[in-house]
file upload.txt (compact mmCIF, C-alpha atoms and all ligand atoms)
# COMPACT_ATOMS: atom_id res chain seq x y z
CA MET A 1 -6.78 13.88 32.18
CA LEU A 2 -3.65 11.77 31.92
CA THR A 3 -5.62 8.55 31.40
CA ASP A 4 -7.27 10.12 28.33
CA VAL A 5 -3.83 10.92 26.91
CA PHE A 6 -2.54 7.39 27.60
CA TYR A 7 -5.63 5.90 25.94
CA SER A 8 -5.22 8.05 22.83
CA VAL A 9 -1.47 7.47 22.54
CA LEU A 10 -1.42 3.74 23.26
CA LYS A 11 -4.55 2.85 21.27
CA ASN A 12 -3.81 5.12 18.25
CA LYS A 13 -7.09 7.02 18.77
CA CYS A 14 -8.22 10.54 17.94
CA PRO A 15 -7.18 12.75 20.88
CA GLN A 16 -10.47 14.65 20.88
CA CYS A 17 -13.12 11.90 20.67
CA HIS A 18 -11.23 8.56 21.07
CA GLN A 19 -13.47 7.03 18.37
CA THR A 20 -11.34 6.71 15.22
CA ASP A 21 -7.74 5.79 14.46
CA VAL A 22 -5.10 8.45 13.79
CA PHE A 23 -2.74 6.21 11.81
CA VAL A 24 -4.07 4.09 8.94
CA THR A 25 -2.60 0.82 10.23
CA HIS A 26 -2.37 -0.43 13.82
CA ASN A 27 0.94 -2.18 13.18
CA PRO A 28 3.87 0.26 13.54
CA PHE A 29 6.18 -2.30 11.92
CA ASN A 30 4.22 -2.35 8.65
CA LEU A 31 7.02 -0.44 6.95
CA LYS A 32 4.99 0.58 3.89
CA LYS A 33 2.24 2.29 5.88
CA PHE A 34 3.54 2.99 9.39
CA ASP A 35 3.69 6.77 8.74
CA LYS A 36 0.35 7.14 6.93
CA MET A 37 -2.12 9.23 8.92
CA HIS A 38 -5.70 10.26 8.33
CA GLU A 39 -5.93 14.02 7.71
CA SER A 40 -8.80 14.50 10.12
CA CYS A 41 -11.12 12.53 12.37
CA SER A 42 -14.16 11.13 10.58
CA CYS A 43 -16.19 11.27 13.83
CA CYS A 44 -15.52 14.69 15.38
CA GLY A 45 -13.81 16.39 12.41
CA VAL A 46 -10.69 17.60 14.21
CA LYS A 47 -7.78 18.22 11.84
CA TYR A 48 -4.66 16.41 13.08
CA GLU A 49 -2.06 18.65 11.42
CA LYS A 50 -3.19 21.95 12.89
CA GLU A 51 -0.86 24.04 10.69
CA PRO A 52 1.92 23.41 8.15
CA GLY A 53 4.96 22.00 9.93
CA PHE A 54 2.94 21.15 13.04
CA PHE A 55 4.60 17.75 13.41
CA GLN A 56 8.12 19.20 13.44
CA GLY A 57 7.50 19.69 17.16
CA ALA A 58 7.10 15.93 17.49
CA MET A 59 10.87 15.71 16.95
CA TYR A 60 11.34 17.08 20.48
CA VAL A 61 9.12 14.31 21.83
CA SER A 62 11.04 11.78 19.75
CA TYR A 63 14.30 13.10 21.20
CA ALA A 64 12.93 12.75 24.74
CA LEU A 65 11.69 9.20 24.08
CA THR A 66 15.03 8.19 22.58
CA ALA A 67 16.99 9.77 25.45
CA GLY A 68 14.75 7.93 27.94
CA TRP A 69 15.34 4.63 26.12
CA PHE A 70 19.10 5.31 26.19
CA MET A 71 19.11 6.07 29.93
CA VAL A 72 17.00 3.04 30.89
CA THR A 73 19.05 0.61 28.80
CA TRP A 74 22.32 2.16 29.98
CA ALA A 75 21.27 1.76 33.62
CA LEU A 76 20.20 -1.86 33.03
CA ASP A 77 23.48 -2.60 31.29
CA THR A 78 25.58 -0.91 33.95
CA PHE A 79 23.92 -2.58 36.93
CA LEU A 80 22.83 -5.95 35.52
CA PHE A 81 24.62 -7.02 32.36
CA HIS A 82 28.07 -5.35 32.53
CA SER A 83 28.66 -5.67 28.79
CA GLU A 84 31.59 -4.24 26.86
CA ILE A 85 31.14 -0.71 25.48
CA TRP A 86 31.13 -1.89 21.85
CA GLN A 87 28.38 -4.40 22.70
CA TYR A 88 26.27 -1.68 24.29
CA ILE A 89 26.83 0.74 21.40
CA THR A 90 25.84 -1.98 18.91
CA PHE A 91 22.74 -2.75 20.96
CA ILE A 92 21.64 0.88 21.27
CA VAL A 93 22.15 1.65 17.57
CA VAL A 94 20.32 -1.48 16.40
CA SER A 95 17.49 -1.03 18.92
CA MET A 96 16.96 2.62 17.92
CA ILE A 97 16.76 1.66 14.25
CA VAL A 98 14.33 -1.18 14.97
CA LEU A 99 12.18 0.98 17.27
CA MET A 100 12.17 3.99 14.91
CA PRO A 101 8.64 3.39 13.49
CA LEU A 102 7.25 3.02 17.01
CA THR A 103 9.07 6.16 18.21
CA PHE A 104 7.79 8.08 15.16
CA ARG A 105 4.17 7.20 15.88
CA LEU A 106 4.32 7.65 19.65
CA SER A 107 5.99 11.06 19.31
CA ARG A 108 3.32 12.32 16.89
CA LEU A 109 0.49 11.02 19.07
CA ILE A 110 2.00 12.56 22.22
CA TRP A 111 2.62 15.86 20.40
CA MET A 112 -1.01 15.99 19.19
CA ASN A 113 -2.24 15.33 22.72
CA PHE A 114 -0.40 18.44 23.94
CA PHE A 115 -2.70 20.58 21.77
CA ILE A 116 -5.89 18.56 21.26
CA HIS A 117 -7.69 17.52 24.44
CA PHE A 118 -10.32 14.86 25.04
CA ASP A 119 -13.88 16.12 24.92
CA LYS A 120 -16.45 13.43 25.70
CA THR A 121 -19.25 15.47 24.14
CA LYS A 122 -17.53 14.94 20.75
CA SER A 123 -17.54 11.13 20.99
CA PHE A 124 -20.05 9.05 19.07
CA THR A 125 -21.02 6.98 22.11
CA PHE A 126 -21.84 10.16 24.04
CA LYS A 127 -23.90 11.51 21.13
CA LYS A 128 -25.75 8.17 20.88
CA HIS A 129 -26.74 8.33 24.56
CA GLN A 130 -28.01 11.89 24.13
CA LEU A 131 -30.51 10.87 21.44
ZN ZN B 201 -12.23 12.57 16.72
call {"tool": "encode", "arguments": {"input": "upload.txt", "output": "structure tokens"}}
result
Amino acid sequence: MLTDVFYSVLKNKCPQCHQTDVFVTHNPFNLKKFDKMHESCSCCGVKYEKEPGFFQGAMYVSYALTAGWFMVTWALDTFLFHSEIWQYITFIVVSMIVLMPLTFRLSRLIWMNFFIHFDKTKSFTFKKHQL
């Protein structure tokens, strides 16, 4: 379901069991560790990088996120702020650089959720209730 995807993406959780973190740190702006991921989930065992080069597909998601950011900010600028073109270009370049770690992580999490789906029988809390 879509709510399962939102939970996994926004909370940095394993797409299959929602129990453990995908990225080592929760802070995307920790520039030394923002790209460090666990290889697999310690709860359900799913491997995050399904095959070599798997995360190259996340570049398409990153492109879509960046294009969406561009369109939203362009519309806001056009209808509300009416800034000069050089001001808008400066804003969009600086904002994309600042938001790059967040875009990187969101695009990988969204890409993983295309291929790994939530299964409540894999979660620790479900297993605990079954005992
Ligand atoms: Zn898991």
call {"tool": "residues_near_ligand", "arguments": {"input": "upload.txt", "ligand": "ligand ZN 201 (chain B)", "cutoff": "8 Å", "atoms": "only C-alpha atoms and all ligand atoms", "output": "list of chain:residue names"}}
result
A:Lys13, A:Cys14, A:Pro15, A:Gln16, A:Cys17, A:His18, A:Gln19, A:Thr20, A:Ser40, A:Cys41, A:Ser42, A:Cys43, A:Cys44, A:Gly45, A:Val46, A:Lys122, A:Ser123
call {"tool": "closest_residue", "arguments": {"input": "upload.txt", "among": "A:Ile116, A:Val24, A:Leu102, A:Leu80", "to": "Thr66 of chain A", "atoms": "only C-alpha atoms"}}
result
A:Leu102
call {"tool": "atom_distance", "arguments": {"input": "upload.txt", "atom1": "atom CA of Pro101 of chain A", "atom2": "atom CA of Tyr7 of chain A"}}
result
19.1 Å
call {"tool": "atom_distance", "arguments": {"input": "upload.txt", "atom1": "atom CA of Leu10 of chain A", "atom2": "atom CA of Ile110 of chain A"}}
result
9.5 Å
call {"tool": "atom_distance", "arguments": {"input": "upload.txt", "atom1": "atom CA of Phe118 of chain A", "atom2": "atom CA of Ser8 of chain A"}}
result
8.8 Å
call {"tool": "residues_around", "arguments": {"input": "upload.txt", "residues": "Phe114 of chain A", "least_positions_apart": "5", "cutoff": "12 Å", "atoms": "only C-alpha atoms", "output": "tab-separated table (two decimals) with C-alpha atoms, in the coordinates of the input"}}
result
chain	number	residue	atom	x	y	z
A	1	MET	CA	-6.78	13.88	32.18
A	2	LEU	CA	-3.65	11.77	31.92
A	4	ASP	CA	-7.27	10.12	28.33
A	5	VAL	CA	-3.83	10.92	26.91
A	6	PHE	CA	-2.54	7.39	27.60
A	8	SER	CA	-5.22	8.05	22.83
A	9	VAL	CA	-1.47	7.47	22.54
A	15	PRO	CA	-7.18	12.75	20.88
A	16	GLN	CA	-10.47	14.65	20.88
A	48	TYR	CA	-4.66	16.41	13.08
A	50	LYS	CA	-3.19	21.95	12.89
A	54	PHE	CA	2.94	21.15	13.04
A	55	PHE	CA	4.60	17.75	13.41
A	57	GLY	CA	7.50	19.69	17.16
A	58	ALA	CA	7.10	15.93	17.49
A	61	VAL	CA	9.12	14.31	21.83
A	107	SER	CA	5.99	11.06	19.31
A	108	ARG	CA	3.32	12.32	16.89
A	109	LEU	CA	0.49	11.02	19.07
